[in-house]
>>> print(open('model_3.cif').read())   # mmCIF, C-alpha atoms
data_my_file
#
loop_
_atom_site.label_atom_id
_atom_site.label_comp_id
_atom_site.auth_asym_id
_atom_site.auth_seq_id
_atom_site.Cartn_x
_atom_site.Cartn_y
_atom_site.Cartn_z
CA MET N 222 0.00 0.00 0.00
CA THR N 223 2.82 2.39 -0.75
CA ASP N 224 2.24 3.28 -4.37
CA THR N 225 2.44 7.07 -4.21
CA LYS N 226 1.60 7.70 -7.88
CA LYS N 227 -1.99 6.51 -7.53
CA THR N 228 -4.78 8.01 -5.49
CA PRO N 229 -6.08 5.85 -2.63
CA THR N 230 -9.16 5.00 -4.70
CA GLU N 231 -7.10 3.88 -7.64
CA LEU N 232 -4.96 1.73 -5.39
CA PHE N 233 -7.74 -0.70 -4.66
CA ASP N 234 -9.27 -3.32 -6.87
CA CYS N 235 -11.28 -6.34 -5.73
CA ASP N 236 -8.18 -8.51 -5.16
CA ARG N 237 -6.49 -5.87 -3.09
CA VAL N 238 -9.63 -5.20 -1.05
CA ASN N 239 -9.94 -8.93 -0.38
CA ALA N 240 -6.34 -9.06 0.77
CA TYR N 241 -6.84 -6.28 3.28
CA LEU N 242 -10.45 -6.99 4.25
CA ASP N 243 -9.62 -8.39 7.69
CA SER N 244 -7.44 -5.39 8.51
CA TYR N 245 -10.15 -3.09 7.21
CA LEU N 246 -12.79 -4.63 9.44
CA LEU N 247 -10.42 -4.56 12.41
CA ASP N 248 -9.78 -0.89 11.68
CA GLN N 249 -6.09 -1.46 11.13
CA VAL N 250 -5.85 0.31 7.78
CA PRO N 251 -4.49 3.88 7.89
CA PRO N 252 -7.06 6.62 7.11
CA PRO N 253 -6.09 7.49 3.47
CA GLU N 254 -6.04 3.85 2.39
CA ARG N 255 -9.13 3.15 4.44
CA ARG N 256 -10.98 5.82 2.51
CA GLY N 257 -9.79 4.33 -0.78
CA MET N 258 -10.98 0.88 0.27
CA ARG N 259 -14.28 2.29 1.46
CA LEU N 260 -14.91 4.07 -1.84
CA HIS N 261 -14.13 0.91 -3.79
CA ILE N 262 -16.25 -1.27 -1.52
CA HIS N 263 -19.30 0.92 -1.80
CA GLY N 264 -19.02 1.16 -5.55
CA CYS N 265 -18.49 -2.56 -6.09
CA PRO N 266 -21.49 -4.89 -5.51
CA SER N 267 -19.41 -7.98 -4.83
CA CYS N 268 -17.05 -6.32 -2.31
CA HIS N 269 -19.98 -4.54 -0.70
CA GLU N 270 -21.75 -7.88 -0.27
CA LYS N 271 -18.65 -9.41 1.33
CA VAL N 272 -18.11 -6.56 3.77
CA THR N 273 -21.69 -6.12 4.89
CA SER N 274 -22.15 -9.87 5.31
CA ARG N 275 -19.35 -9.75 7.88
CA ASP N 276 -20.37 -6.49 9.49
CA PRO N 277 -23.84 -5.24 8.54
CA LEU N 278 -23.15 -1.82 10.06
CA GLN N 279 -20.49 -1.22 7.40
CA LEU N 280 -23.52 -0.20 5.40
CA PHE N 281 -23.20 3.22 6.99
CA ALA N 282 -19.51 3.68 6.22
CA PRO N 283 -20.19 5.91 3.17
CA LEU N 284 -21.64 8.53 5.55
CA ALA N 285 -18.00 9.34 6.32
CA ASP N 286 -17.64 10.76 2.81
CA GLN N 287 -20.53 13.17 3.22
CA THR N 288 -19.58 16.67 2.09
CA LEU N 289 -21.57 19.80 1.51
CA PRO N 290 -21.33 21.49 -1.87
CA GLU N 291 -19.60 24.88 -1.72
CA ASP N 292 -22.81 26.86 -2.29
CA ARG N 293 -24.30 25.37 0.91
CA TRP N 294 -21.46 26.94 2.89
CA GLU N 295 -22.48 30.40 1.77
CA GLY N 296 -22.79 32.71 4.75
CA PHE N 297 -21.11 30.26 7.07
CA TRP N 298 -17.98 32.30 7.72
CA SER N 299 -19.89 35.58 7.97
CA GLY N 300 -22.08 33.96 10.62
CA VAL N 301 -19.03 32.82 12.53
CA ARG N 302 -17.42 36.26 12.20
CA SER N 303 -20.49 38.09 13.50
CA GLY N 304 -20.61 35.66 16.43
CA MET N 305 -16.94 36.35 17.12
CA ALA N 306 -17.64 40.08 17.26
CA ARG N 307 -20.54 39.69 19.67
CA PRO N 308 -19.52 40.11 23.29
CA ARG N 309 -20.01 36.74 24.85
CA ARG N 310 -21.48 36.25 28.30
CA GLU N 311 -18.70 34.57 30.15
CA GLY N 312 -19.21 32.10 32.93
CA ILE N 313 -17.78 32.70 36.39
CA ALA N 314 -14.97 30.22 35.79
CA ALA N 315 -13.97 31.89 32.51
CA ARG N 316 -14.04 35.35 34.08
CA ALA N 317 -12.01 34.12 37.05
CA ALA N 318 -9.49 32.48 34.72
CA ARG N 319 -9.19 35.69 32.70
CA TRP N 320 -8.86 37.78 35.86
CA LEU N 321 -6.08 35.53 37.12
CA GLU N 322 -4.08 35.63 33.91
CA PRO N 323 -0.60 37.03 34.64
CA ALA N 324 -0.92 39.54 31.79
CA ALA N 325 -3.97 41.08 33.45
CA TRP N 326 -2.07 41.93 36.65
CA THR N 327 -1.20 45.60 37.10
CA PRO N 328 0.62 47.00 40.16
CA ALA N 329 -2.62 48.66 41.32
CA ARG N 330 -4.50 45.36 41.11
CA ALA N 331 -1.74 43.55 42.97
CA ALA N 332 -1.73 46.21 45.70
CA GLY N 333 -5.50 45.98 46.02
CA VAL N 334 -5.44 42.21 46.35
CA ILE N 335 -2.66 42.39 48.98
CA ALA N 336 -4.61 45.01 50.94
CA LEU N 337 -7.78 42.92 50.80
CA ALA N 338 -5.95 39.79 51.91
CA ALA N 339 -4.32 41.72 54.77
CA ALA N 340 -7.70 43.06 55.86
CA LEU N 341 -9.26 39.62 55.77
CA PHE N 342 -6.43 38.33 57.94
CA ALA N 343 -6.37 41.33 60.27
CA VAL N 344 -10.04 41.34 61.30
CA PRO N 345 -10.11 37.93 63.02
CA ALA N 346 -6.65 38.54 64.48
CA LEU N 347 -7.81 41.85 65.96
CA MET N 348 -10.87 40.20 67.46
CA VAL N 349 -8.69 37.60 69.19
CA VAL N 350 -6.40 40.32 70.58
CA LEU N 351 -9.32 42.46 71.82
CA ARG N 352 -10.93 39.51 73.50
CA SER N 353 -7.75 38.85 75.50
CA PHE N 354 -7.93 42.47 76.88
CA GLU N 355 -11.48 42.20 78.22
CA PRO N 356 -11.77 43.33 81.91
CA GLU N 357 -11.89 40.64 84.54
CA ALA N 358 -15.33 41.75 85.62
CA GLY N 359 -17.98 39.41 84.41
CA ARG N 360 -15.85 36.35 84.88
CA PRO N 361 -17.82 33.58 86.65
CA LEU N 362 -16.62 32.89 90.19
CA THR N 363 -15.68 29.43 91.26
CA ALA N 364 -16.59 27.87 94.57
CA ARG N 365 -13.07 28.36 95.83
CA ASP N 366 -13.01 31.99 94.93
CA PRO N 367 -12.75 34.11 98.11
CA ASP N 368 -15.12 36.59 96.56
CA ALA N 369 -17.80 34.01 96.18
CA VAL N 370 -20.62 34.55 98.62
CA THR N 371 -23.41 32.31 99.54
CA ALA N 372 -26.93 33.49 99.58
CA PRO N 373 -30.12 31.79 100.47
CA ALA N 374 -32.11 30.33 97.66
CA PRO N 375 -35.00 32.56 96.68
CA ALA N 376 -38.23 31.77 98.38
CA ALA N 377 -40.85 29.84 96.59
CA ALA N 378 -43.10 32.78 97.30
CA PHE N 379 -41.85 34.33 94.10
CA VAL N 380 -43.96 31.85 92.32
CA ARG N 381 -47.62 32.50 92.69
CA ALA N 382 -49.63 29.57 93.83
CA GLY N 383 -51.70 27.97 91.17
CA GLU N 384 -49.52 29.26 88.33
CA ALA N 385 -46.70 26.81 88.65
CA ARG N 386 -45.96 23.51 90.16
CA ASP N 387 -42.81 22.45 91.96
CA PRO N 388 -39.71 24.21 90.68
CA LEU N 389 -37.41 22.14 88.57
CA PRO N 390 -33.73 21.94 89.66
CA GLN N 391 -32.25 25.41 89.95
CA THR N 392 -28.81 26.65 89.08
CA VAL N 393 -26.82 29.35 90.85
CA GLU N 394 -24.04 31.32 89.32
CA GLN N 395 -21.93 33.92 91.07
CA VAL N 396 -20.57 36.69 88.93
CA ARG N 397 -19.08 40.14 89.36
CA THR N 398 -20.68 43.35 88.22
CA PRO N 399 -18.58 45.73 86.07
CA ASP N 400 -17.59 47.55 89.28
CA ALA N 401 -16.38 44.23 90.73
CA ARG N 402 -19.28 43.68 93.14
CA PRO N 403 -20.22 40.01 93.56
CA VAL N 404 -23.80 39.12 92.78
CA GLN N 405 -25.68 35.85 92.61
CA VAL N 406 -27.72 34.79 89.66
CA TYR N 407 -30.43 32.22 90.28
CA SER N 408 -32.02 30.48 87.40
CA MET N 409 -35.09 28.40 88.07
CA ARG N 410 -37.37 26.58 85.72
CA TYR N 411 -41.00 25.87 86.53
CA ASP N 412 -43.27 23.42 84.89
CA GLN N 413 -46.52 25.25 84.09
CA GLU N 414 -49.81 23.54 84.75
CA GLY N 415 -52.45 23.24 82.15
CA PRO N 416 -52.60 21.90 78.61
CA VAL N 417 -49.73 22.35 76.20
CA PRO N 418 -50.57 25.03 73.61
CA GLN N 419 -51.69 23.60 70.28
CA GLY N 420 -48.84 22.93 67.92
CA GLU N 421 -46.09 23.55 70.43
CA GLY N 422 -43.68 21.18 72.12
CA ALA N 423 -43.38 20.18 75.74
CA ASP N 424 -40.94 23.05 76.38
CA ALA N 425 -43.78 25.51 75.87
CA ARG N 426 -45.01 24.96 79.40
CA VAL N 427 -41.67 25.43 81.11
CA THR N 428 -41.13 28.92 82.49
CA GLU N 429 -37.68 30.11 83.37
CA LEU N 430 -37.22 32.60 86.19
CA VAL N 431 -33.91 34.40 86.46
CA LEU N 432 -33.20 36.18 89.75
CA ILE N 433 -30.23 38.43 90.36
CA VAL N 434 -29.38 38.97 94.01
CA ASP N 435 -27.11 41.90 94.74
CA ALA N 436 -26.28 41.93 98.47
CA GLY N 437 -24.61 45.32 98.28
CA LEU N 438 -27.49 47.12 96.64
CA GLU N 439 -29.10 49.66 98.90
CA LEU N 440 -32.79 50.19 98.36
CA MET S 171 -1.39 27.28 2.23
CA VAL S 172 -0.20 27.72 5.78
CA ASP S 173 -0.09 24.52 7.83
CA GLU S 174 -2.57 23.78 10.57
CA ARG S 175 -0.18 24.35 13.47
CA THR S 176 0.71 27.80 12.22
CA LEU S 177 -2.95 28.67 11.73
CA ILE S 178 -3.68 27.60 15.29
CA ARG S 179 -0.74 29.59 16.61
CA LEU S 180 -1.77 32.71 14.71
CA SER S 181 -5.40 32.29 15.75
CA ARG S 182 -4.30 32.18 19.36
CA THR S 183 -2.80 35.62 18.91
CA GLY S 184 -6.11 36.95 17.57
CA ASP S 185 -5.37 36.74 13.82
CA GLN S 186 -8.83 36.55 12.23
CA ARG S 187 -7.53 35.73 8.75
CA ALA S 188 -5.69 32.72 10.11
CA PHE S 189 -8.80 31.71 12.02
CA GLU S 190 -10.88 31.97 8.83
CA GLN S 191 -8.50 29.53 7.15
CA LEU S 192 -8.68 27.24 10.16
CA VAL S 193 -12.48 27.30 9.92
CA GLY S 194 -12.20 26.36 6.24
CA LEU S 195 -9.95 23.48 7.17
CA LYS S 196 -12.16 22.03 9.91
CA ARG S 197 -15.70 22.95 8.92
CA GLU S 198 -16.47 19.81 6.87
CA LYS S 199 -15.55 17.44 9.64
CA ALA S 200 -17.22 19.56 12.31
CA PHE S 201 -20.37 19.66 10.20
CA ARG S 202 -20.27 15.93 9.44
CA ILE S 203 -19.86 14.92 13.08
CA ALA S 204 -22.72 17.21 14.09
CA PHE S 205 -24.85 15.99 11.17
CA ASN S 206 -24.38 12.35 12.08
CA ILE S 207 -25.34 13.08 15.69
CA VAL S 208 -28.33 15.39 15.19
CA GLY S 209 -29.44 14.13 11.77
CA ASP S 210 -30.42 17.54 10.43
CA GLU S 211 -28.36 19.66 8.07
CA ASP S 212 -29.49 23.08 9.32
CA ASP S 213 -28.95 22.11 12.94
CA ALA S 214 -25.57 20.64 12.06
CA LYS S 215 -24.50 23.87 10.34
CA ASP S 216 -25.70 25.92 13.33
CA ILE S 217 -23.74 23.65 15.64
CA ALA S 218 -20.60 23.96 13.53
CA GLN S 219 -20.93 27.76 13.54
CA GLN S 220 -21.46 27.88 17.28
CA ALA S 221 -18.50 25.57 17.77
CA PHE S 222 -16.22 27.90 15.79
CA ILE S 223 -17.50 30.96 17.65
CA ARG S 224 -16.78 29.21 20.92
CA LEU S 225 -13.43 28.05 19.61
CA TRP S 226 -12.49 31.66 18.87
CA SER S 227 -13.23 32.66 22.45
CA VAL S 228 -11.21 29.83 24.01
CA ILE S 229 -8.44 29.18 21.52
CA ARG S 230 -6.03 31.22 23.64
CA THR S 231 -6.28 28.52 26.30
CA PHE S 232 -5.30 25.73 23.86
CA ASP S 233 -2.02 24.05 24.75
CA GLU S 234 -0.06 23.85 21.51
CA ASN S 235 1.73 20.73 22.73
CA SER S 236 -1.52 18.80 22.77
CA ARG S 237 -3.58 17.62 19.78
CA PHE S 238 -6.04 20.09 18.36
CA ASP S 239 -8.71 17.82 16.85
CA PRO S 240 -9.87 16.02 19.99
CA TRP S 241 -9.82 19.35 21.84
CA PHE S 242 -11.93 21.12 19.21
CA PHE S 243 -14.29 18.25 18.41
CA ARG S 244 -15.15 18.04 22.07
CA ILE S 245 -16.86 21.43 21.62
CA VAL S 246 -18.69 20.16 18.52
CA VAL S 247 -19.83 16.90 20.12
CA ASN S 248 -21.03 18.62 23.29
CA LEU S 249 -23.07 21.13 21.30
CA ALA S 250 -24.47 18.36 19.09
CA ILE S 251 -25.44 16.20 22.07
CA ASP S 252 -27.13 19.21 23.70
CA CYS S 253 -29.04 19.90 20.49
CA TYR S 254 -30.01 16.24 20.08
CA ARG S 255 -31.23 16.11 23.69
CA LYS S 256 -33.34 19.21 23.25
CA GLY S 257 -34.84 17.56 20.17
CA LYS S 258 -35.46 20.89 18.53
CA ARG S 259 -36.14 19.15 15.25
CA SER S 260 -36.92 15.64 14.24
CA PRO S 261 -33.65 13.80 13.69
CA THR S 262 -35.33 11.49 11.21
CA VAL S 263 -35.02 13.85 8.28
CA GLY S 264 -31.68 14.57 6.66
CA ALA S 265 -32.67 17.95 5.31
CA GLY S 266 -29.60 18.58 3.18
CA SER S 267 -29.52 15.40 1.22
CA PHE S 268 -33.10 14.42 1.72
CA ASP S 269 -34.67 12.46 -1.05
CA PRO S 270 -38.45 12.03 -0.93
CA ASP S 271 -38.40 8.72 -2.81
CA ALA S 272 -35.78 7.28 -0.54
CA GLU S 273 -37.62 8.52 2.52
CA ALA S 274 -40.91 7.07 1.32
CA ALA S 275 -39.27 3.77 0.52
CA ALA S 276 -37.49 3.69 3.86
CA GLY S 277 -40.70 4.49 5.68
CA SER S 278 -42.53 1.67 3.96
CA GLY S 279 -39.79 -0.81 4.77
CA MET S 280 -39.22 -1.44 1.09
CA PRO S 281 -35.72 -1.37 -0.40
CA PRO S 282 -34.99 2.26 -1.31
CA ARG S 283 -34.73 2.98 -4.96
CA GLY S 284 -31.13 2.97 -6.13
CA ALA S 285 -29.79 1.62 -2.87
CA LEU S 286 -27.65 -1.02 -4.52
CA PRO S 287 -23.94 -0.37 -4.86
CA GLY S 288 -23.08 1.23 -8.12
CA ALA S 289 -25.99 3.64 -8.00
CA ASP S 290 -25.35 7.33 -7.75
CA ALA S 291 -23.24 7.81 -4.61
CA GLU S 292 -25.05 10.92 -3.45
CA LEU S 293 -28.45 9.31 -3.75
CA MET S 294 -27.20 6.24 -1.95
CA ARG S 295 -25.86 8.37 0.88
CA ALA S 296 -29.21 10.13 1.17
CA GLU S 297 -30.90 6.79 1.53
CA LEU S 298 -28.35 5.55 3.99
CA ARG S 299 -28.79 8.76 5.97
CA SER S 300 -32.49 8.17 6.11
CA VAL S 301 -32.06 4.56 7.28
CA PHE S 302 -29.40 5.55 9.80
CA ASN S 303 -31.50 8.37 11.24
CA ARG S 304 -34.46 6.07 11.66
CA ILE S 305 -32.72 3.26 13.47
CA ALA S 306 -30.39 5.59 15.42
CA GLU S 307 -33.43 7.12 17.13
CA ALA S 308 -33.21 4.22 19.58
CA LEU S 309 -29.71 5.29 20.67
CA THR S 310 -28.89 7.57 23.57
CA PRO S 311 -27.08 10.79 22.59
CA ALA S 312 -23.80 9.42 23.96
CA GLN S 313 -24.15 6.12 22.09
CA ARG S 314 -24.93 7.94 18.88
CA ALA S 315 -21.96 10.25 19.32
CA VAL S 316 -19.61 7.34 20.02
CA PHE S 317 -20.87 5.34 17.03
CA THR S 318 -20.53 8.36 14.77
CA LEU S 319 -17.01 9.12 15.89
CA ARG S 320 -15.77 5.54 15.92
CA GLU S 321 -17.53 3.78 13.09
CA ILE S 322 -18.17 6.62 10.68
CA GLU S 323 -15.36 9.07 11.34
CA GLY S 324 -12.81 6.42 12.38
CA VAL S 325 -11.64 8.36 15.46
CA ALA S 326 -9.50 6.30 17.87
CA THR S 327 -11.16 5.10 21.07
CA GLU S 328 -8.72 7.08 23.24
CA ASP S 329 -9.47 10.25 21.31
CA ILE S 330 -13.21 9.67 21.67
CA ALA S 331 -12.67 9.31 25.42
CA THR S 332 -10.90 12.70 25.39
CA ILE S 333 -13.61 14.28 23.23
CA MET S 334 -16.42 13.02 25.42
CA GLY S 335 -14.65 13.38 28.74
CA VAL S 336 -15.16 9.74 29.68
CA ARG S 337 -12.95 6.67 30.11
CA SER S 338 -12.00 4.44 27.20
CA SER S 339 -13.91 1.56 28.79
CA THR S 340 -17.05 3.71 28.77
CA VAL S 341 -16.51 4.47 25.08
CA ARG S 342 -16.18 0.75 24.29
CA ASN S 343 -19.30 0.03 26.29
CA HIS S 344 -21.29 2.73 24.47
CA LEU S 345 -20.03 1.40 21.14
CA LEU S 346 -21.01 -2.16 21.98
CA GLN S 347 -24.50 -1.07 23.01
CA ALA S 348 -24.88 1.15 19.95
CA ARG S 349 -23.84 -1.64 17.59
CA ARG S 350 -26.34 -4.02 19.18
CA VAL S 351 -29.18 -1.52 18.94
CA LEU S 352 -28.37 -0.59 15.35
CA GLN S 353 -27.98 -4.21 14.23
CA ASP S 354 -31.31 -5.08 15.82
CA GLY S 355 -32.94 -2.08 14.18
CA LEU S 356 -31.47 -2.92 10.82
CA ARG S 357 -32.49 -6.56 11.08
CA LYS S 358 -36.06 -5.72 12.08
CA SER S 359 -36.81 -2.63 10.03
CA TYR S 360 -34.56 -3.06 7.02
CA PRO S 361 -33.94 -6.78 6.58
CA GLU S 362 -33.09 -6.14 2.94
CA TYR S 363 -29.98 -4.31 4.17
CA PHE S 364 -29.09 -6.82 6.82
CA ARG S 365 -26.74 -9.32 5.31
CA GLY S 366 -25.16 -10.47 8.54
CA ARG S 367 -25.76 -13.74 10.29
CA ARG S 368 -29.40 -14.13 11.24
#
>>> encode(input="model_3.cif", output="structure tokens")
Amino acid sequence: MTDTKKTPTELFDCDRVNAYLDSYLLDQVPPPERRGMRLHIHGCPSCHEKVTSRDPLQLFAPLADQTLPEDRWEGFWSGVRSGMARPRREGIAARAARWLEPAAWTPARAAGVIALAAALFAVPALMVVLRSFEPEAGRPLTARDPDAVTAPAPAAAFVRAGEARDPLPQTVEQVRTPDARPVQVYSMRYDQEGPVPQGEGADARVTELVLIVDAGLEL
Amino acid sequence: MVDERTLIRLSRTGDQRAFEQLVGLKREKAFRIAFNIVGDEDDAKDIAQQAFIRLWSVIRTFDENSRFDPWFFRIVVNLAIDCYRKGKRSPTVGAGSFDPDAEAAAGSGMPPRGALPGADAELMRAELRSVFNRIAEALTPAQRAVFTLREIEGVATEDIATIMGVRSSTVRNHLLQARRVLQDGLRKSYPEYFRGRR
């Protein structure tokens, strides 16, 4: 298959097609020769019969030689050119890729990006630093703290009879006011009597009472 | 004529004249691939145009060390599959080379006039197109694209995998399924064309 003076079509007669038929069907014939074989096969009833009896779908092989006459291409390039001139709506990825292209980087853009990155880094860092400078007041006292004072639990009289049942377990927290005065915070939860409101969960009938006891407050 | 690599390189720099030549070089194959997938000449030409417009906008990103055809035909195949899925037009009619006699004969299940080898090649292709479009309706868009690329265009399996963004094993699987469906369709609807083992 190396005769360079003949076109691929001229290279193939029935004998030659028969010799290379297996390779043709196994797609082992290079494209120019394959085209020559194909053109012979589909113009020769006996070769066509042989090929399609081995692979019926070879029937469609001539579709590979489909071409449009030149007049049917009229206006094709002008259509492409007008599409090229139209500003295209770019996707986010395309815009990001274009924005990141090295050629698009100016000193001003670089400075802006560095400033933005610095700001993004600085804000959380500043918050951490400020938090570490918060005054000690407000810190919860521990039981061992000498400032911790004990106070009697608030009387059940705060809860009007008939409105609540037995108080649920209460919690006591001792904290300091901004002027460093110790106060006690009582938090009590009461289970309300009566039906649960329609459409609400069991928590709807629990009332929380928060009581702040300031021993140093003068009334 | 300037060679393809030079045209690609010049097009990447924004040379419209080079790009026009590149379009002239690739339009037939782009059209044919689209035509065999969507089955309609007007749609296929629209797809080819859209593919070149898109190519113009992305050609700067093409790596000149890689192969151009699989990279470009990926655009064509994706557009064609999208078009085929949308089903804008019936894929049963090959508008460009449509022959009413062939279509009527194909529809009736009778051997199309002039279908035997030796008849006018263009007429035969029109008839084949009609038969192919009818039985290929049973294929999924991916199967149809794989069959077109492999069996009609003779594109290598690895290149089809690149074009379609799938693995080679998936391409082989699609091809196997497509061949089965088409052989069944040919045997049932066009037994006069089916000369394989029954």
>>> closest_atom_pairs(input="model_3.cif", of="chain N", to="chain S", cutoff="10 Å", atoms="only C-alpha atoms", output="tab-separated table")
residue	atom	partner	partner_atom	distance
N:Asp248	CA	S:Gly324	CA	7.9
N:Pro251	CA	S:Gly324	CA	9.8
N:Pro252	CA	S:Gly324	CA	7.8
N:Arg255	CA	S:Gly324	CA	9.3
N:Leu260	CA	S:Ala291	CA	9.5
N:His261	CA	S:Gly288	CA	9.9
N:Ile262	CA	S:Pro287	CA	8.4
N:His263	CA	S:Pro287	CA	5.7
N:Gly264	CA	S:Gly288	CA	4.8
N:Cys265	CA	S:Pro287	CA	6.0
N:Pro266	CA	S:Pro287	CA	5.2
N:Ser267	CA	S:Pro287	CA	8.9
N:Cys268	CA	S:Pro287	CA	9.5
N:His269	CA	S:Pro287	CA	7.1
N:Glu270	CA	S:Arg365	CA	7.6
N:Lys271	CA	S:Arg365	CA	9.0
N:Val272	CA	S:Arg365	CA	9.2
N:Thr273	CA	S:Arg365	CA	6.0
N:Ser274	CA	S:Gly366	CA	4.5
N:Arg275	CA	S:Gly366	CA	5.9
N:Asp276	CA	S:Gly366	CA	6.3
N:Pro277	CA	S:Gly366	CA	5.4
N:Leu278	CA	S:Gln353	CA	6.8
N:Gln279	CA	S:Glu321	CA	8.1
N:Leu280	CA	S:Leu298	CA	7.6
N:Phe281	CA	S:Leu298	CA	6.4
N:Ala282	CA	S:Ile322	CA	5.5
N:Pro283	CA	S:Arg295	CA	6.6
N:Leu284	CA	S:Arg295	CA	6.3
N:Ala285	CA	S:Ile322	CA	5.1
N:Asp286	CA	S:Arg295	CA	8.8
N:Gln287	CA	S:Arg202	CA	6.8
N:Thr288	CA	S:Glu198	CA	6.5
N:Leu289	CA	S:Glu198	CA	7.4
N:Arg293	CA	S:Gly266	CA	8.9
N:Trp294	CA	S:Lys215	CA	8.6
N:Phe297	CA	S:Gln219	CA	6.9
N:Trp298	CA	S:Glu190	CA	7.2
N:Ser299	CA	S:Gln219	CA	9.7
N:Gly300	CA	S:Gln219	CA	6.9
N:Val301	CA	S:Gln219	CA	5.5
N:Arg302	CA	S:Ile223	CA	7.6
N:Ser303	CA	S:Ile223	CA	8.8
N:Gly304	CA	S:Ile223	CA	5.8
N:Met305	CA	S:Ile223	CA	5.4
N:Ala306	CA	S:Ile223	CA	9.1
N:Arg307	CA	S:Ile223	CA	9.5
N:Pro308	CA	S:Ser227	CA	9.8
N:Arg309	CA	S:Ser227	CA	8.3
N:Glu311	CA	S:Ser227	CA	9.6
N:Ala315	CA	S:Val228	CA	9.2
N:Ala318	CA	S:Thr231	CA	9.8
>>> atom_distance(input="model_3.cif", atom1="atom CA of Arg314 of chain S", atom2="atom CA of Gly335 of chain S")
15.2 Å
>>> atom_distance(input="model_3.cif", atom1="atom CA of Ile229 of chain S", atom2="atom CA of Ile178 of chain S")
8.0 Å
>>> resolve_selection(input="model_3.cif", expression="the PyMOL selection byres ((chain S and resi 244-246) around 7)", output="count of residues only")
15
>>> atom_distance(input="model_3.cif", atom1="atom CA of Asp435 of chain N", atom2="atom CA of Val406 of chain N")
8.8 Å
>>> residues_near_point(input="model_3.cif", point="(-35.4, -1.5, 9.9)", cutoff="8 Å", atoms="all atoms listed in the file", output="PyMOL selection string")
chain S and resi 279+301+304-305+355-361
>>> build_atoms(input="model_3.cif", residues="segment 321-325 of chain N", atoms="all heavy atoms", output="tab-separated table (two decimals), in the frame of the given file")
chain	number	residue	atom	x	y	z
N	321	LEU	N	-7.31	36.02	36.50
N	321	LEU	CA	-6.08	35.53	37.12
N	321	LEU	C	-4.90	35.45	36.15
N	321	LEU	O	-3.79	35.17	36.57
N	321	LEU	CB	-6.33	34.13	37.72
N	321	LEU	CG	-7.19	34.12	38.97
N	321	LEU	CD1	-7.58	32.70	39.33
N	321	LEU	CD2	-6.48	34.78	40.14
N	322	GLU	N	-5.18	35.71	34.88
N	322	GLU	CA	-4.08	35.63	33.91
N	322	GLU	C	-2.97	36.60	34.28
N	322	GLU	O	-3.25	37.77	34.60
N	322	GLU	CB	-4.60	35.97	32.51
N	322	GLU	CG	-5.13	34.77	31.78
N	322	GLU	CD	-5.60	35.13	30.37
N	322	GLU	OE1	-5.43	36.29	29.98
N	322	GLU	OE2	-6.12	34.23	29.72
N	323	PRO	N	-1.70	36.15	34.24
N	323	PRO	CA	-0.60	37.03	34.64
N	323	PRO	C	-0.57	38.36	33.89
N	323	PRO	O	-0.27	39.40	34.47
N	323	PRO	CB	0.64	36.20	34.30
N	323	PRO	CG	0.17	34.79	34.27
N	323	PRO	CD	-1.26	34.83	33.86
N	324	ALA	N	-0.98	38.31	32.60
N	324	ALA	CA	-0.92	39.54	31.79
N	324	ALA	C	-1.90	40.60	32.30
N	324	ALA	O	-1.72	41.79	32.05
N	324	ALA	CB	-1.24	39.19	30.34
N	325	ALA	N	-2.95	40.14	33.00
N	325	ALA	CA	-3.97	41.08	33.45
N	325	ALA	C	-3.57	41.78	34.76
N	325	ALA	O	-4.29	42.64	35.24
N	325	ALA	CB	-5.29	40.34	33.63
